[in-house]
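A short worksheet on the structure shown next.
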Amino acid sequence: MVRGKTIVYTLGGLTAAYFLYRFYKKGNSATRLRFIADGISISKGKILFTLKIINGGNAAINLTSIVGDLIYNGNVIGVVSNQTPTQIAANSEKRIKFKITPDLTGAGMALYKFLTASKEEKKDINFTFKGTVNAEGILFDFEENYKF
């Protein structure tokens, strides 16, 4: 009976240590990663979105995937995704280009709102890129605004 309790306590302690380590690692990594919207362009008939990722830490970090939505005026106009593993060296930055897969309903509504907007409202065109990055098995949510 004592041996069974020892195994249960050991497994419980190891599980707690694992989750504490993951929590510590996420907090440590989150403070060193920054995401900056760096532009939207058209190349060979494809709409591309560029995201600059800055690693301000003293160790390289591996990104497994980046997924998100491109939002204009409250409408999701496109979905971006990059499943290519990428490593960012310590204290450096990397630009990653994504092909935007248009959401026709959201893009149509955004276009309608843009066409019916006043001249003053058309002066500032703001996009939001909202997504999730998988960095070394830890998910980070981010939201970046981009102004034309």
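Labels for the structure tokens follow display order: chains A, B, ..., residues from 1 in each chain, ligands from 1.
Within the 7 Å cut-off around segment 69-82 of chain A, using only C-alpha atoms and omitting residues fewer than 3 positions from it on the same chain, the listed residues are Ser65, Ile66, Phe98, Lys99, Ile100, Thr101, Pro102, Asp103, Gly106, Ala107, Ala110, Asn126, Phe127, Thr128, Phe129, Lys130 and Gly131 of chain A.
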**Message:** Can you pull out every residue from segment 14-141 of chain A that DSSP, working from the backbone, puts in strand (DSSP E), and format the result as an MDAnalysis selection string?
**Reply:** chainID A and resid 33:43 46:55 61:72 75:82 86:88 92:102 126:135 138:141
**Residue among A:Ile138, A:Glu120, A:Gly57, A:Lys94 lying closest to Ala37 of chain A, counting only C-alpha atoms** =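 Of all the options, A:Lys94 lies closest to Ala37 of chain A.
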**Asked** Of the residues A:Ser118, A:Asn134, A:Ser41, A:Asn58, which is the one nearest to Ser92 of chain A, using only C-alpha atoms?
**Response** A:Asn58
**Request:** Using only C-alpha atoms, determine which residues lie at most 10 Å from Ala89 of chain A, disregarding the query and same-chain residues fewer than 2 positions distant; provide the list as a PyMOL selection string.
**Result:** chain A and resi 54-62+86-87+91-94
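Nearest residue to Lys97 of chain A among A:Leu51, A:Leu139, A:Leu33, A:Leu115 is A:Leu51, counting only C-alpha atoms.
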**Prompt:** For Gly137 of chain A, which residue among A:Gly45, A:Pro85, A:Gly39, A:Gly68 is the nearest when counting only C-alpha atoms?
**Reply:**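 Of all the options, A:Pro85 lies closest to Gly137 of chain A.
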**Request:** Return the single residue from A:Lys147, A:Arg34, A:Lys46, A:Lys113 that is closest to Val133 of chain A, with distances computed using only C-alpha atoms.
**Result:** A:Arg34
